[in-house]
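Note: the block below is query-v4.txt and it holds compact mmCIF, C-alpha atoms and all ligand atoms.
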# COMPACT_ATOMS: atom_id res chain seq x y z
CA MET A 76 135.16 281.15 192.05
CA GLY A 77 135.03 278.37 189.50
CA CYS A 78 132.71 276.16 191.45
CA ARG A 79 130.96 278.92 193.39
CA THR A 80 131.80 277.28 196.64
CA ARG A 81 132.30 279.69 199.43
CA ALA A 82 135.50 279.18 201.29
CA ALA A 83 137.67 281.06 203.70
CA ALA A 84 139.82 283.64 202.00
CA ASP A 85 143.00 282.10 203.27
CA GLY A 86 142.13 278.88 201.50
CA LEU A 87 141.94 280.54 198.12
CA LEU A 88 144.54 281.46 195.57
CA ARG A 89 144.53 285.02 194.35
CA VAL A 90 145.03 285.46 190.62
CA VAL A 91 145.46 288.63 188.62
CA ALA A 92 145.49 289.38 184.91
CA VAL A 93 148.64 290.88 183.44
CA ASP A 94 148.62 291.56 179.69
CA GLY A 95 146.08 288.86 179.00
CA VAL A 96 147.86 286.30 181.11
CA LEU A 97 146.47 285.02 184.34
CA ILE A 98 149.15 285.12 187.01
CA PRO A 99 148.98 283.32 190.36
CA ASP A 100 149.53 285.63 193.28
CA PRO A 101 149.89 283.42 196.34
CA ARG A 102 151.37 286.25 198.39
CA ARG A 103 148.63 288.66 197.37
CA ARG A 104 151.03 291.41 196.58
CA LEU A 105 150.30 292.12 192.95
CA PRO A 106 148.36 295.29 192.28
CA GLY A 107 145.09 295.52 190.45
CA ARG A 108 141.89 293.60 190.49
CA GLY A 109 142.20 290.04 191.63
CA ALA A 110 140.05 286.97 191.43
CA TRP A 111 139.92 284.19 193.93
CA LEU A 112 140.23 280.57 193.05
CA HIS A 113 140.39 277.33 194.90
CA PRO A 114 143.90 275.94 194.59
CA ASP A 115 142.51 273.12 192.55
CA PRO A 116 143.04 272.38 188.84
CA GLU A 117 139.40 271.39 188.50
CA CYS A 118 138.24 274.67 189.91
CA LEU A 119 140.53 276.43 187.46
CA GLY A 120 139.10 274.41 184.60
CA ARG A 121 135.55 275.24 185.54
CA ALA A 122 136.29 278.92 185.82
CA GLU A 123 138.07 278.82 182.49
CA ARG A 124 135.16 277.15 180.72
CA ARG A 125 132.75 279.70 182.11
CA SER A 126 134.97 282.60 181.12
CA ALA A 127 134.74 283.56 184.74
CA PHE A 128 138.13 285.22 184.83
CA PRO A 129 137.58 287.92 182.19
CA ARG A 130 134.27 288.69 183.83
CA ALA A 131 135.61 288.86 187.35
CA LEU A 132 138.72 290.77 186.37
CA ARG A 133 136.93 293.11 183.96
CA VAL A 134 139.25 292.37 181.09
CA PRO A 135 138.26 291.65 177.49
CA GLY A 136 138.82 288.35 175.83
CA PRO A 137 140.14 285.05 177.08
CA LEU A 138 143.04 284.80 179.47
CA ASP A 139 146.03 282.51 179.31
CA VAL A 140 145.80 280.30 182.36
CA THR A 141 149.01 278.40 181.74
CA GLU A 142 150.81 280.11 184.58
CA VAL A 143 148.11 279.36 187.08
CA ARG A 144 147.73 275.80 185.91
CA SER A 145 151.41 275.07 186.27
CA HIS A 146 151.27 276.72 189.67
CA LEU A 147 148.52 274.35 190.72
CA GLN A 148 150.23 271.35 189.16
CA PRO A 149 153.92 271.57 189.87
CA GLY A 150 155.82 268.99 187.92
CA CYS A 151 152.93 268.14 185.66
CA SER A 152 154.56 269.68 182.60
CA THR A 153 157.10 266.90 182.46
CA SER A 154 156.11 263.29 182.76
CA GLY A 155 157.87 260.80 184.94
CA THR A 156 158.67 262.97 187.91
CA GLU A 157 157.10 260.58 190.36
CA SER A 158 160.31 258.96 191.42
CA GLY A 159 162.23 262.04 192.41
CA THR A 160 165.05 260.23 194.10
CA ARG A 161 167.75 262.81 193.77
CA GLU A 162 170.91 261.99 195.61
CA THR A 163 172.20 264.81 197.73
CA PRO A 164 175.55 263.68 199.08
CA GLU A 165 175.81 266.23 201.83
CA SER A 166 177.04 263.76 204.37
CA VAL A 167 179.43 262.27 201.87
CA ASN A 168 181.08 265.63 201.31
CA HIS A 169 181.86 265.86 204.97
CA GLY A 170 185.30 264.33 204.81
CA SER A 171 186.23 265.52 201.32
CA LYS A 172 187.60 268.87 202.42
CA VAL A 173 191.21 269.49 201.62
CA ASP A 174 193.17 269.00 204.77
CA PRO A 175 196.58 270.67 204.54
CA SER A 176 197.96 269.05 207.65
ZN ZN A 201 136.22 276.57 193.44
The structure in this file should be written as structure tokens.
Amino acid sequence: MGCRTRAAADGLLRVVAVDGVLIPDPRRRLPGRGAWLHPDPECLGRAERRSAFPRALRVPGPLDVTEVRSHLQPGCSTSGTESGTRETPESVNHGSKVDPS
């Protein structure tokens, strides 16, 4: 939608407007009029600059795209999440059960 590139529907993210907020609807279950967007932050930015969402969704005024942006950029809200080495000691817990024998 933002870049006017035609793509298969299954490659697009459905978004809907709820109370002036643009909500990502990856499962396509939300009711109402939806717009289709490439799952790409640049495509979102282009559509936002063109006010394409209010036009496509037939709603007045600008829409808050924060939800969709964070959906497209998981982990971008906080910096320094590149090294996500989180230790999950599942194997370590193996022998730590209380053995009443
Ligand atoms: Zn696009």
(message) Under the rule that all atoms listed in the file are counted, which of A:Ile98, A:Ala110, A:Ala122, A:Cys78 is the nearest residue to ligand ZN 201 (chain A)?
(response) A:Cys78
(message) Env of region 144-148 of chain A: 8 Å cut, atoms = only C-alpha atoms, seq-sep filter 6 positions within chain, self excluded. Answer as a PyMOL selection string.
(response) chain A and resi 99+114-116+119
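Picture a line from CA of His113 (chain A) to CA of Leu87 (chain A); it runs 4.8 Å.
Counting from CA of Gly107 (chain A), the distance to CA of Val90 (chain A) is 10.1 Å.
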(request) Calculate how many Å separate CA of Leu88 (chain A) from CA of Leu112 (chain A), rounding to one decimal. (result) 5.1 Å
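Each of A:Gly109, A:Gly86, A:Val143, A:Cys118 was compared to Ala131 (chain A) using only C-alpha atoms, and A:Gly109 turns out to be the nearest.
Within the 10 Å cut-off around Val93 (chain A), using all atoms listed in the file and omitting residues fewer than 6 positions from it on the same chain, the listed residues are Leu105, Pro106, Gly107, Val134, Leu138 and Asp139 of chain A.
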Repair of region 117-128 of chain A at the level of N, CA and C atoms, as a compact mmCIF listing (two decimals), in the coordinates of the input:
# COMPACT_ATOMS: atom_id res chain seq x y z
N GLU A 117 140.77 271.52 188.98
CA GLU A 117 139.40 271.39 188.50
C GLU A 117 138.64 272.69 188.63
N CYS A 118 138.89 273.39 189.72
CA CYS A 118 138.24 274.67 189.91
C CYS A 118 138.71 275.65 188.84
N LEU A 119 139.99 275.59 188.52
CA LEU A 119 140.53 276.43 187.46
C LEU A 119 139.86 276.10 186.13
N GLY A 120 139.71 274.82 185.85
CA GLY A 120 139.10 274.41 184.60
C GLY A 120 137.66 274.88 184.47
N ARG A 121 136.94 274.79 185.57
CA ARG A 121 135.55 275.24 185.54
C ARG A 121 135.48 276.74 185.30
N ALA A 122 136.30 277.47 185.99
CA ALA A 122 136.29 278.92 185.82
C ALA A 122 136.69 279.30 184.41
N GLU A 123 137.62 278.53 183.85
CA GLU A 123 138.07 278.82 182.49
C GLU A 123 136.94 278.58 181.49
N ARG A 124 136.24 277.47 181.66
CA ARG A 124 135.16 277.15 180.72
C ARG A 124 134.03 278.17 180.79
N ARG A 125 133.82 278.72 181.96
CA ARG A 125 132.75 279.70 182.11
C ARG A 125 133.19 281.10 181.75
N SER A 126 134.43 281.26 181.35
CA SER A 126 134.97 282.60 181.12
C SER A 126 134.78 283.46 182.35
N ALA A 127 134.98 282.85 183.50
CA ALA A 127 134.74 283.56 184.74
C ALA A 127 135.84 284.59 185.02
N PHE A 128 137.03 284.31 184.53
CA PHE A 128 138.13 285.22 184.83
C PHE A 128 138.00 286.57 184.13
